[in-house]
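Chemist: File follows, my_file06.csv with CSV, C-alpha atoms:
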```csv
chain,number,residue,atom,x,y,z
A,1,MET,CA,13.1,102.9,-17.8
A,2,SER,CA,9.4,102.7,-17.2
A,3,LEU,CA,7.9,99.3,-17.9
A,4,SER,CA,4.2,99.2,-18.6
A,5,LEU,CA,2.9,95.8,-17.6
A,6,ARG,CA,-0.8,96.1,-17.8
A,7,SER,CA,-3.2,95.6,-20.7
A,8,PRO,CA,-7.0,96.1,-21.3
A,9,PRO,CA,-8.9,93.7,-19.1
A,10,SER,CA,-10.1,90.3,-20.5
A,11,SER,CA,-12.7,88.1,-19.0
A,12,THR,CA,-11.5,84.6,-19.8
A,13,LEU,CA,-8.9,84.0,-17.1
A,14,SER,CA,-10.5,86.3,-14.5
A,15,SER,CA,-13.5,84.0,-14.5
A,16,ALA,CA,-11.3,81.2,-13.3
A,17,SER,CA,-9.4,83.2,-10.8
A,18,SER,CA,-11.3,81.8,-7.8
A,19,SER,CA,-9.9,78.4,-8.6
A,20,SER,CA,-6.4,79.5,-9.4
A,21,SER,CA,-3.5,80.4,-7.2
A,22,SER,CA,-2.9,83.6,-5.3
A,23,LEU,CA,-0.6,86.2,-6.7
A,24,HIS,CA,2.1,84.9,-4.4
A,25,ASP,CA,2.0,81.5,-6.1
A,26,GLY,CA,3.3,83.2,-9.3
A,27,LYS,CA,6.9,84.1,-8.6
A,28,LEU,CA,9.1,85.6,-11.2
A,29,ARG,CA,12.8,85.7,-10.5
A,30,LEU,CA,14.3,88.6,-12.2
A,31,LEU,CA,18.0,89.2,-12.5
A,32,ALA,CA,18.8,92.7,-11.2
A,33,ARG,CA,21.3,95.2,-12.6
A,34,SER,CA,24.2,93.2,-13.9
A,35,ALA,CA,27.8,93.9,-13.6
A,36,SER,CA,28.1,92.9,-17.2
A,37,PRO,CA,27.5,95.8,-19.6
A,38,LYS,CA,25.6,93.8,-22.2
A,39,LEU,CA,23.0,92.7,-19.6
A,40,ALA,CA,22.4,96.1,-18.0
A,41,PHE,CA,19.5,98.4,-18.9
A,42,ARG,CA,20.9,101.5,-20.7
A,43,SER,CA,18.0,103.8,-20.2
A,44,ARG,CA,18.9,105.1,-16.8
A,45,PRO,CA,22.1,106.7,-15.6
A,46,PRO,CA,24.7,104.2,-14.2
A,47,LEU,CA,24.9,104.0,-10.4
A,48,PRO,CA,28.3,104.7,-8.7
A,49,ARG,CA,30.7,101.8,-8.8
A,50,ILE,CA,33.1,100.3,-6.3
A,51,ARG,CA,36.6,99.6,-7.3
A,52,ALA,CA,38.6,96.6,-6.3
A,53,SER,CA,41.9,97.5,-4.6
A,54,SER,CA,44.9,96.7,-6.7
A,55,ASN,CA,47.1,95.3,-4.0
A,56,SER,CA,47.9,91.6,-3.6
A,57,SER,CA,44.8,91.0,-1.6
A,58,SER,CA,42.4,92.3,-4.3
A,59,SER,CA,40.8,89.0,-4.6
A,60,SER,CA,39.5,89.1,-1.1
A,61,SER,CA,38.9,92.8,-0.3
A,62,SER,CA,37.7,96.1,-1.9
A,63,SER,CA,38.0,99.8,-1.5
A,64,LEU,CA,35.0,102.1,-2.0
A,65,ASP,CA,34.9,105.0,-4.3
A,66,THR,CA,33.9,108.1,-2.4
A,67,GLY,CA,30.9,108.5,-4.7
A,68,LEU,CA,29.5,105.1,-3.8
A,69,SER,CA,26.0,105.6,-2.3
A,70,THR,CA,24.4,102.4,-1.1
A,71,GLU,CA,25.2,98.9,0.0
A,72,LEU,CA,23.3,97.5,-3.0
A,73,ASP,CA,25.8,99.3,-5.3
A,74,ALA,CA,28.6,97.7,-3.3
A,75,VAL,CA,27.4,94.1,-3.3
A,76,SER,CA,26.4,94.4,-7.0
A,77,SER,CA,30.0,94.8,-8.0
A,78,PHE,CA,30.8,91.3,-6.7
A,79,SER,CA,27.8,89.3,-7.6
A,80,GLU,CA,24.7,89.7,-9.9
A,81,ILE,CA,21.8,90.3,-7.5
A,82,VAL,CA,18.6,88.4,-8.3
A,83,PRO,CA,15.3,89.8,-6.8
A,84,ASP,CA,13.1,87.0,-5.5
A,85,THR,CA,10.0,88.9,-6.5
A,86,VAL,CA,6.3,88.4,-7.0
A,87,ILE,CA,5.3,88.8,-10.6
A,88,PHE,CA,5.7,92.4,-11.9
A,89,ASP,CA,6.6,93.9,-8.5
A,90,ASP,CA,9.2,96.6,-8.3
A,91,PHE,CA,10.4,96.5,-11.9
A,92,GLU,CA,11.6,100.1,-11.6
A,93,LYS,CA,13.3,99.7,-8.2
A,94,PHE,CA,15.1,96.5,-9.3
A,95,PRO,CA,15.1,96.4,-13.1
A,96,PRO,CA,15.1,92.9,-14.4
A,97,THR,CA,17.7,91.6,-16.9
A,98,ALA,CA,16.5,88.0,-17.1
A,99,ALA,CA,13.5,85.9,-15.9
A,100,THR,CA,12.1,82.5,-15.2
A,101,VAL,CA,8.8,81.1,-16.6
A,102,SER,CA,7.2,78.2,-14.7
A,103,SER,CA,3.9,76.5,-13.7
A,104,SER,CA,4.0,78.8,-10.6
A,105,LEU,CA,4.2,81.8,-12.9
A,106,LEU,CA,1.3,80.6,-15.0
A,107,LEU,CA,-0.8,80.2,-11.9
A,108,GLY,CA,0.1,83.8,-10.9
A,109,ILE,CA,-0.9,85.2,-14.3
A,110,CYS,CA,-4.2,83.4,-14.2
A,111,SER,CA,-4.9,84.9,-10.8
A,112,LEU,CA,-4.3,88.5,-11.9
A,113,PRO,CA,-7.3,90.6,-13.0
A,114,ASP,CA,-5.2,92.5,-15.6
A,115,THR,CA,-1.7,91.7,-17.0
A,116,ILE,CA,-0.1,91.9,-20.4
A,117,PHE,CA,0.7,88.2,-20.2
A,118,ARG,CA,-3.0,87.3,-20.2
A,119,ASN,CA,-3.1,87.3,-24.0
A,120,ALA,CA,-0.1,84.9,-24.1
A,121,VAL,CA,-2.1,82.3,-22.1
A,122,GLU,CA,-5.3,82.9,-24.0
A,123,MET,CA,-3.5,82.5,-27.3
A,124,ALA,CA,-2.1,79.2,-26.1
A,125,LEU,CA,-5.6,77.9,-25.1
A,126,ALA,CA,-6.8,78.9,-28.6
A,127,ASP,CA,-4.0,77.1,-30.5
A,128,ARG,CA,-5.4,75.1,-33.3
A,129,GLY,CA,-2.7,72.5,-33.1
A,130,CYS,CA,-3.5,71.7,-29.5
A,131,TYR,CA,-7.2,72.0,-30.1
A,132,GLY,CA,-7.1,69.2,-32.7
A,133,LEU,CA,-5.5,66.6,-30.4
A,134,ALA,CA,-8.1,64.0,-29.5
A,135,ASN,CA,-6.4,62.8,-26.3
A,136,ASN,CA,-7.2,65.2,-23.4
A,137,GLU,CA,-3.9,64.6,-21.6
A,138,MET,CA,-1.9,65.4,-24.7
A,139,ARG,CA,-4.1,68.5,-25.4
A,140,LEU,CA,-3.5,69.9,-21.9
A,141,SER,CA,0.2,69.2,-22.2
A,142,CYS,CA,0.2,71.0,-25.5
A,143,PHE,CA,-1.6,74.0,-24.0
A,144,VAL,CA,0.9,74.2,-21.1
A,145,ASN,CA,3.9,74.1,-23.4
A,146,LYS,CA,2.4,76.8,-25.6
A,147,ALA,CA,1.6,79.0,-22.6
A,148,LEU,CA,5.1,78.6,-21.2
A,149,VAL,CA,6.6,79.6,-24.5
A,150,ASN,CA,4.2,82.4,-25.2
A,151,VAL,CA,4.9,83.9,-21.8
A,152,GLY,CA,8.6,83.2,-22.1
A,153,SER,CA,8.6,84.9,-25.5
A,154,ASP,CA,6.9,88.0,-24.1
A,155,LEU,CA,9.5,88.1,-21.2
A,156,ALA,CA,12.3,87.8,-23.7
A,157,LYS,CA,11.1,91.1,-25.2
A,158,LEU,CA,11.2,92.8,-21.8
A,159,VAL,CA,14.5,91.6,-20.5
A,160,PRO,CA,17.9,91.7,-22.3
A,161,GLY,CA,19.2,88.5,-20.6
A,162,ARG,CA,18.1,84.8,-20.7
A,163,VAL,CA,14.7,83.4,-20.0
A,164,SER,CA,14.8,80.1,-18.0
A,165,THR,CA,11.8,77.7,-18.7
A,166,GLU,CA,10.8,75.1,-16.2
A,167,VAL,CA,10.7,71.5,-17.4
A,168,ASP,CA,7.9,69.4,-16.1
A,169,ALA,CA,9.0,67.9,-12.8
A,170,ARG,CA,7.1,64.7,-13.5
A,171,LEU,CA,9.9,63.9,-15.9
A,172,ALA,CA,12.6,64.3,-13.2
A,173,TYR,CA,13.5,60.6,-13.3
A,174,ASP,CA,13.2,60.2,-17.1
A,175,THR,CA,16.3,61.4,-19.0
A,176,HIS,CA,14.9,61.0,-22.4
A,177,GLY,CA,11.6,62.4,-21.4
A,178,ILE,CA,13.4,65.6,-20.2
A,179,ILE,CA,15.3,65.8,-23.5
A,180,ARG,CA,12.1,65.4,-25.6
A,181,LYS,CA,10.4,68.1,-23.5
A,182,VAL,CA,13.2,70.5,-24.0
A,183,HIS,CA,13.3,69.8,-27.7
A,184,ASP,CA,9.6,70.4,-27.9
A,185,LEU,CA,9.9,73.7,-26.0
A,186,LEU,CA,12.9,74.8,-28.1
A,187,LYS,CA,11.0,74.1,-31.3
A,188,LEU,CA,8.1,76.3,-30.1
A,189,TYR,CA,10.5,79.1,-29.1
A,190,GLY,CA,12.0,78.9,-32.6
A,191,GLU,CA,8.6,79.4,-34.1
A,192,VAL,CA,8.2,82.7,-32.3
A,193,ASP,CA,11.8,83.7,-33.1
A,194,VAL,CA,13.4,83.4,-29.7
A,195,PRO,CA,17.0,82.1,-30.3
A,196,PRO,CA,18.5,79.3,-28.2
A,197,GLU,CA,21.2,81.7,-26.8
A,198,ARG,CA,18.4,83.6,-25.0
A,199,LEU,CA,17.1,80.5,-23.3
A,200,LEU,CA,17.8,78.2,-20.3
A,201,PHE,CA,15.9,75.1,-19.4
A,202,LYS,CA,15.3,74.5,-15.7
A,203,ILE,CA,15.8,70.8,-14.7
A,204,PRO,CA,15.7,69.1,-11.3
A,205,SER,CA,19.1,67.7,-10.1
A,206,THR,CA,18.2,64.1,-10.0
A,207,TRP,CA,20.8,61.8,-11.7
A,208,GLN,CA,18.5,61.6,-14.7
A,209,GLY,CA,18.2,65.4,-14.8
A,210,ILE,CA,21.9,65.8,-14.6
A,211,GLU,CA,22.5,63.3,-17.4
A,212,ALA,CA,19.8,65.1,-19.5
A,213,SER,CA,21.7,68.3,-18.8
A,214,ARG,CA,25.0,66.8,-20.0
A,215,LEU,CA,23.4,65.6,-23.3
A,216,LEU,CA,21.5,68.8,-23.9
A,217,GLU,CA,24.6,70.9,-23.2
A,218,SER,CA,26.5,68.8,-25.8
A,219,GLU,CA,23.9,70.0,-28.3
A,220,GLY,CA,24.5,73.6,-27.4
A,221,ILE,CA,21.3,73.9,-25.4
A,222,GLN,CA,21.8,75.8,-22.1
A,223,THR,CA,20.5,74.1,-18.9
A,224,HIS,CA,19.7,75.4,-15.4
A,225,LEU,CA,19.9,72.6,-12.7
A,226,THR,CA,17.9,73.3,-9.6
A,227,PHE,CA,17.2,71.6,-6.3
A,228,VAL,CA,20.9,71.2,-5.5
A,229,TYR,CA,21.4,70.4,-1.8
A,230,SER,CA,24.6,68.4,-1.6
A,231,PHE,CA,28.2,68.7,-2.9
A,232,ALA,CA,27.7,65.5,-4.9
A,233,GLN,CA,24.9,67.0,-6.9
A,234,ALA,CA,26.8,70.3,-7.4
A,235,ALA,CA,30.0,68.4,-8.6
A,236,ALA,CA,28.0,66.1,-10.9
A,237,ALA,CA,26.1,69.1,-12.3
A,238,ALA,CA,29.4,70.9,-13.0
A,239,GLN,CA,30.9,67.8,-14.6
A,240,ALA,CA,27.8,67.6,-16.8
A,241,GLY,CA,28.5,71.2,-18.0
A,242,ALA,CA,25.3,72.7,-16.7
A,243,SER,CA,25.2,76.4,-17.5
A,244,VAL,CA,23.6,77.4,-14.1
A,245,ILE,CA,23.6,75.4,-10.9
A,246,GLN,CA,21.2,76.6,-8.2
A,247,ILE,CA,21.8,75.9,-4.4
A,248,PHE,CA,19.1,76.8,-1.8
A,249,VAL,CA,21.1,78.2,1.2
A,250,GLY,CA,18.2,78.8,3.6
A,251,ARG,CA,16.4,75.5,3.0
A,252,ILE,CA,19.6,73.6,4.0
A,253,ARG,CA,19.8,75.7,7.1
A,254,ASP,CA,16.2,75.1,8.0
A,255,TRP,CA,16.7,71.3,7.6
A,256,ALA,CA,19.8,71.4,9.9
A,257,ARG,CA,17.9,73.2,12.6
A,258,ASN,CA,15.4,70.4,12.9
A,259,HIS,CA,17.4,67.3,11.9
A,260,SER,CA,20.7,65.6,12.3
A,261,GLY,CA,22.5,62.6,10.8
A,262,ASP,CA,23.7,64.1,7.5
A,263,PRO,CA,27.5,63.8,7.4
A,264,GLU,CA,27.9,66.8,5.1
A,265,VAL,CA,25.7,69.0,7.2
A,266,ASP,CA,27.1,67.8,10.5
A,267,ALA,CA,30.7,68.4,9.3
A,268,ALA,CA,29.9,72.0,8.4
A,269,LEU,CA,28.2,72.5,11.8
A,270,GLY,CA,31.2,70.9,13.5
A,271,ARG,CA,33.4,73.5,11.9
A,272,GLY,CA,31.1,76.3,13.1
A,273,GLU,CA,29.8,77.0,9.6
A,274,ASP,CA,26.4,77.5,8.2
A,275,PRO,CA,25.8,74.3,6.1
A,276,GLY,CA,24.0,76.2,3.3
A,277,LEU,CA,26.8,78.8,3.0
A,278,ALA,CA,29.4,76.1,3.3
A,279,LEU,CA,27.9,74.2,0.3
A,280,VAL,CA,27.9,77.3,-1.9
A,281,THR,CA,31.5,78.0,-1.0
A,282,LYS,CA,32.6,74.4,-1.7
A,283,ALA,CA,30.7,74.2,-5.0
A,284,TYR,CA,32.1,77.5,-6.1
A,285,ASN,CA,35.6,76.5,-5.3
A,286,TYR,CA,35.2,73.1,-7.1
A,287,ILE,CA,33.8,74.8,-10.2
A,288,HIS,CA,36.6,77.4,-10.4
A,289,LYS,CA,39.5,75.2,-9.3
A,290,TYR,CA,38.8,72.6,-11.9
A,291,GLY,CA,37.8,74.8,-14.8
A,292,HIS,CA,34.1,74.0,-15.2
A,293,LYS,CA,32.0,76.4,-17.1
A,294,SER,CA,29.0,76.4,-14.8
A,295,LYS,CA,27.7,79.6,-13.1
A,296,LEU,CA,26.6,79.2,-9.5
A,297,MET,CA,23.3,80.7,-8.1
A,298,ALA,CA,22.7,81.0,-4.4
A,299,ALA,CA,19.0,80.9,-3.7
A,300,ALA,CA,16.9,81.2,-0.5
A,301,VAL,CA,19.1,83.9,0.9
A,302,ARG,CA,17.4,85.1,4.0
A,303,ASN,CA,19.2,88.2,5.2
A,304,LYS,CA,22.0,90.7,4.5
A,305,GLN,CA,24.6,88.7,6.4
A,306,ASP,CA,23.9,85.7,4.2
A,307,LEU,CA,24.4,87.9,1.2
A,308,PHE,CA,27.6,89.5,2.5
A,309,SER,CA,28.9,85.9,3.1
A,310,LEU,CA,28.4,85.0,-0.5
A,311,LEU,CA,29.9,87.9,-2.3
A,312,GLY,CA,31.7,86.7,-5.4
A,313,VAL,CA,29.3,84.0,-6.3
A,314,ASP,CA,27.8,84.5,-9.8
A,315,TYR,CA,24.2,85.1,-8.8
A,316,ILE,CA,22.5,85.7,-5.4
A,317,ILE,CA,18.7,85.4,-5.2
A,318,ALA,CA,17.6,87.8,-2.4
A,319,PRO,CA,14.2,88.8,-1.0
A,320,LEU,CA,12.9,92.3,-1.8
A,321,LYS,CA,13.1,93.3,1.9
A,322,VAL,CA,16.8,92.5,1.9
A,323,LEU,CA,17.4,94.4,-1.4
A,324,GLN,CA,15.3,97.4,-0.1
A,325,SER,CA,17.4,97.5,3.0
A,326,LEU,CA,20.6,97.4,1.0
A,327,LYS,CA,19.3,100.2,-1.3
A,328,GLU,CA,18.4,102.4,1.7
A,329,SER,CA,21.7,101.8,3.5
A,330,ILE,CA,24.3,104.5,2.8
A,331,THR,CA,27.9,103.5,2.7
A,332,THR,CA,30.8,105.6,3.8
A,333,PRO,CA,34.6,105.1,4.0
A,334,ASP,CA,34.2,104.2,7.7
A,335,GLU,CA,31.1,102.1,7.1
A,336,LYS,CA,29.9,99.6,9.5
A,337,TYR,CA,30.2,96.6,7.1
A,338,SER,CA,33.4,95.7,5.3
A,339,PHE,CA,32.6,94.6,1.8
A,340,VAL,CA,34.8,91.7,1.2
A,341,ARG,CA,34.8,89.3,-1.8
A,342,ARG,CA,34.3,86.0,0.0
A,343,LEU,CA,34.5,83.8,-3.1
A,344,SER,CA,37.1,84.2,-5.9
A,345,PRO,CA,39.0,82.0,-8.4
A,346,GLU,CA,42.2,82.9,-6.5
A,347,SER,CA,40.8,81.5,-3.2
A,348,ALA,CA,39.3,78.5,-5.0
A,349,ALA,CA,42.8,77.5,-6.2
A,350,THR,CA,43.9,76.9,-2.6
A,351,TYR,CA,40.9,74.9,-1.6
A,352,ASN,CA,41.6,71.2,-0.9
A,353,PHE,CA,39.2,68.4,-1.9
A,354,SER,CA,39.3,64.8,-0.8
A,355,GLU,CA,40.0,62.0,-3.3
A,356,GLU,CA,36.4,60.8,-2.9
A,357,GLU,CA,35.1,64.3,-3.9
A,358,LEU,CA,37.2,64.3,-7.0
A,359,CYS,CA,35.7,61.2,-8.5
A,360,LYS,CA,33.9,61.0,-11.8
A,361,TRP,CA,30.4,61.1,-10.6
A,362,ASP,CA,27.9,58.6,-11.9
A,363,GLN,CA,24.5,57.4,-10.7
A,364,LEU,CA,25.8,55.0,-8.1
A,365,THR,CA,28.3,57.4,-6.5
A,366,LEU,CA,25.8,60.2,-6.5
A,367,ALA,CA,23.2,58.1,-4.8
A,368,SER,CA,25.6,56.9,-2.2
A,369,ALA,CA,26.9,60.4,-1.5
A,370,MET,CA,23.6,62.2,-1.1
A,371,GLY,CA,22.6,62.4,2.5
A,372,PRO,CA,19.2,62.8,4.1
A,373,THR,CA,19.2,66.6,3.6
A,374,SER,CA,19.5,66.4,-0.2
A,375,VAL,CA,17.2,63.4,-0.5
A,376,GLU,CA,14.4,64.9,1.5
A,377,LEU,CA,14.7,68.4,0.2
A,378,LEU,CA,14.9,67.2,-3.4
A,379,ALA,CA,11.8,65.1,-2.9
A,380,ALA,CA,9.9,68.0,-1.3
A,381,GLY,CA,10.9,70.3,-4.2
A,382,LEU,CA,9.7,67.9,-6.8
A,383,ASP,CA,6.4,67.4,-5.0
A,384,GLY,CA,5.9,71.1,-5.0
A,385,TYR,CA,6.6,71.5,-8.7
A,386,VAL,CA,4.5,68.5,-9.6
A,387,ASN,CA,1.6,69.9,-7.6
A,388,GLN,CA,1.9,73.2,-9.4
A,389,ALA,CA,2.0,71.5,-12.8
A,390,LYS,CA,-1.2,69.6,-12.0
A,391,ARG,CA,-2.9,72.7,-10.8
A,392,VAL,CA,-2.1,74.5,-14.1
A,393,GLU,CA,-3.6,71.6,-16.1
A,394,GLU,CA,-6.7,71.5,-13.9
A,395,LEU,CA,-7.1,75.2,-14.3
A,396,PHE,CA,-6.6,75.1,-18.1
A,397,GLY,CA,-9.1,72.2,-18.3
A,398,LYS,CA,-11.7,74.4,-16.5
A,399,ILE,CA,-11.3,77.5,-18.7
A,400,TRP,CA,-10.7,75.8,-22.0
A,401,PRO,CA,-11.9,76.6,-24.6
A,402,PRO,CA,-11.8,80.4,-24.4
A,403,PRO,CA,-14.9,82.3,-25.7
A,404,ASN,CA,-13.3,83.1,-29.0
A,405,VAL,CA,-12.6,79.4,-29.9
```
Just dump the structure as structure tokens.
Modeler:
Amino acid sequence: MSLSLRSPPSSTLSSASSSSSSLHDGKLRLLARSASPKLAFRSRPPLPRIRASSNSSSSSSSSLDTGLSTELDAVSSFSEIVPDTVIFDDFEKFPPTAATVSSSLLLGICSLPDTIFRNAVEMALADRGCYGLANNEMRLSCFVNKALVNVGSDLAKLVPGRVSTEVDARLAYDTHGIIRKVHDLLKLYGEVDVPPERLLFKIPSTWQGIEASRLLESEGIQTHLTFVYSFAQAAAAAQAGASVIQIFVGRIRDWARNHSGDPEVDAALGRGEDPGLALVTKAYNYIHKYGHKSKLMAAAVRNKQDLFSLLGVDYIIAPLKVLQSLKESITTPDEKYSFVRRLSPESAATYNFSEEELCKWDQLTLASAMGPTSVELLAAGLDGYVNQAKRVEELFGKIWPPPNV
């Protein structure tokens, strides 16, 4: 399937490109070819499959069909692979099935000389409802909401899966503020005929964010909790019923290389384990052993060995260079790597948790269980998101109104 992602040039946003972000600030995470038939593109021939062995160890090992051609084919049978890709890159190499729209993406769109999403942003800046607001802060917030939804709506036409929309990180400690923002965004999506089942709302994993997720999920609104760096956050998110929980493997490893004093990280290192991979494993086992509905996403995966160690988790976000290496690596029956499902419901059933880990998580227990890794990385992630949101507002303030308003 060939996706044409360019439109006739327009002058409005390009005039502001010098004050916007670089292309690399606008990242679009795109779910690659899914193991689920209803999420896969139908317009190209299916790639060869791998077949799980049918013996008693099928939950932890696999046998390869002789027709299997690449390592990417092999790993894609265990987990849905998510390219961590700059906007519009490599759509044909790694076809998207779902996407995320964020302040970072809006900055990326504004920096591009020519993109089909330019019109989505310009239409947001020309919106009469936002234009009529007397308060500048409210007007800019309205413009950003409209831009997110307009771009999200366009993405929903390009991908068969769900579109995740970032919730303003400045609301991270305001449960009711998060809920109001999600309701506002959901209403706007309804006005452009994007149904709720096509949507996720990306919320930081503060206690207030987790509580907002619980309340929204009780309304049937799907949430995507991000910035999870501790088991306590993951378990609380699962108990809240979050649809997707995102853990950043590489960032936890980076922290551990330069710091000490976090009991959870130190315990993993003491067992000879990578702390990021250990957290994904533990969270996966908790979700599956105790029947939570959440899907787990492993982000900040840095290399093929990381990816192989996570096979079986629901989603793996991987850099393009890793995916390209997997795609170029031919597998044979006597292949170098053994493709083993590391995570499975069967293995989760035998995992043991302490009494403290099986508590009903609340704000106090979460705060007391979060070590310096999760506290510092959560704060850093929020700072980055807040900075991006402010940059979008500043940019929109400079280029509003468009010439046709």
Chemist: What is the distance between CA of Val151 in chain A and CA of Phe117 in chain A, in Å to one decimal?
Modeler: 6.2 Å
Chemist: Which protein, DNA or RNA residues are at most 12 Å from (39.2, 69.2, 2.2) in the file's coordinates when you count all atoms listed in the file, listed as an MDAnalysis selection string?
Modeler: chainID A and resid 264 267:268 282 285:286 348 350:358
Chemist: Restricting the calculation to all atoms listed in the file, which member of A:Leu378, A:Leu107, A:Ala212, A:Ile116 is positioned closest to Lys390 in chain A?
Modeler: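 With all atoms listed in the file as the atom set, the closest residue is A:Leu107.
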Chemist: When you look at Phe308 in chain A with a cut-off of 8 Å (counting all atoms listed in the file), what residues show up, excluding the ones that are within fewer than 3 positions of it in the same chain? I need them as a PyMOL selection string.
Modeler: chain A and resi 75+304-305+311+339-340+342
Chemist: By how many Å are CA of Pro275 in chain A and CA of Pro263 in chain A apart?
Modeler: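 Between CA of Pro275 in chain A and CA of Pro263 in chain A the gap is 10.7 Å.
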Chemist: Rounded to one decimal, what separation in Å do you get between CA of Ser344 in chain A and CA of Asp84 in chain A?
Modeler: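 Separating CA of Ser344 in chain A from CA of Asp84 in chain A is a distance of 24.2 Å.
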Chemist: Give me the residues within 9 Å of Val392 in chain A as a count of residues only, counting only C-alpha atoms and dropping any in the same chain fewer than 5 places off.
Modeler: 8
Chemist: Do you know which residues are at most 12 Å from Glu376 in chain A counting all atoms listed in the file, after dropping those on the same chain fewer than 2 positions away, and could you put them as a list in words?
Modeler: Phe227, Val228, Tyr229, Ser230, Arg251, Ile252, Trp255, Ala256, His259, Asp262, Met370, Gly371, Pro372, Thr373, Ser374, Leu378, Ala379, Ala380, Gly381, Leu382 and Asp383 of chain A
Chemist: Please produce a file of the residues just selected, as a compact mmCIF listing (two decimals), keeping the file's coordinate frame, where the atoms kept are C-alpha atoms.
Modeler:
```txt
# COMPACT_ATOMS: atom_id res chain seq x y z
CA PHE A 227 17.20 71.60 -6.30
CA VAL A 228 20.90 71.20 -5.50
CA TYR A 229 21.40 70.40 -1.80
CA SER A 230 24.60 68.40 -1.60
CA ARG A 251 16.40 75.50 3.00
CA ILE A 252 19.60 73.60 4.00
CA TRP A 255 16.70 71.30 7.60
CA ALA A 256 19.80 71.40 9.90
CA HIS A 259 17.40 67.30 11.90
CA ASP A 262 23.70 64.10 7.50
CA MET A 370 23.60 62.20 -1.10
CA GLY A 371 22.60 62.40 2.50
CA PRO A 372 19.20 62.80 4.10
CA THR A 373 19.20 66.60 3.60
CA SER A 374 19.50 66.40 -0.20
CA LEU A 378 14.90 67.20 -3.40
CA ALA A 379 11.80 65.10 -2.90
CA ALA A 380 9.90 68.00 -1.30
CA GLY A 381 10.90 70.30 -4.20
CA LEU A 382 9.70 67.90 -6.80
CA ASP A 383 6.40 67.40 -5.00
```
Chemist: Of the residues A:Arg118, A:Arg302, A:His224, A:Lys187, which is the one nearest to Val149 in chain A, using all atoms listed in the file?
Modeler: A:Lys187
Chemist: Any idea what's packed within 6 Å of Val159 in chain A, counting only C-alpha atoms, ignoring anything in its chain fewer than 2 positions away? Could you give it as a PyMOL selection string?
Modeler: chain A and resi 97-98+156-157+161
Chemist: Determine the nearest neighbour of Ile399 in chain A from the options A:Glu191, A:Asp184, A:Asp306, A:Glu122, counting all atoms listed in the file.
Modeler: A:Glu122
Chemist: Write out as a PyMOL selection string the residues lying within 10 Å of Leu366 in chain A, counting only C-alpha atoms and excluding same-chain residues fewer than 4 positions away.
Modeler: chain A and resi 206-207+230-233+235-236+360-362+370-371
Chemist: Can you work out which one of A:Val167, A:Val192, A:Ala124, A:Cys130 has the shortest atom-to-atom distance to Ser153 in chain A, counting all atoms listed in the file?
Modeler: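 Looking only at the distances to Ser153 in chain A, the closest residue turns out to be A:Val192.
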Chemist: Just checking: using all atoms listed in the file, which residue out of A:Ser309, A:Thr331, A:Gln208, A:Thr226 ends up closest to Phe248 in chain A?
Modeler: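 Ranking A:Ser309, A:Thr331, A:Gln208, A:Thr226 by distance to Phe248 in chain A, first place goes to A:Thr226.
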Chemist: Under the rule that all atoms listed in the file are counted, which of A:Val194, A:Leu323, A:Ile81, A:Ala238 is the nearest residue to Lys293 in chain A?
Modeler: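 Checking each candidate against Lys293 in chain A, we get A:Ala238 as the closest.
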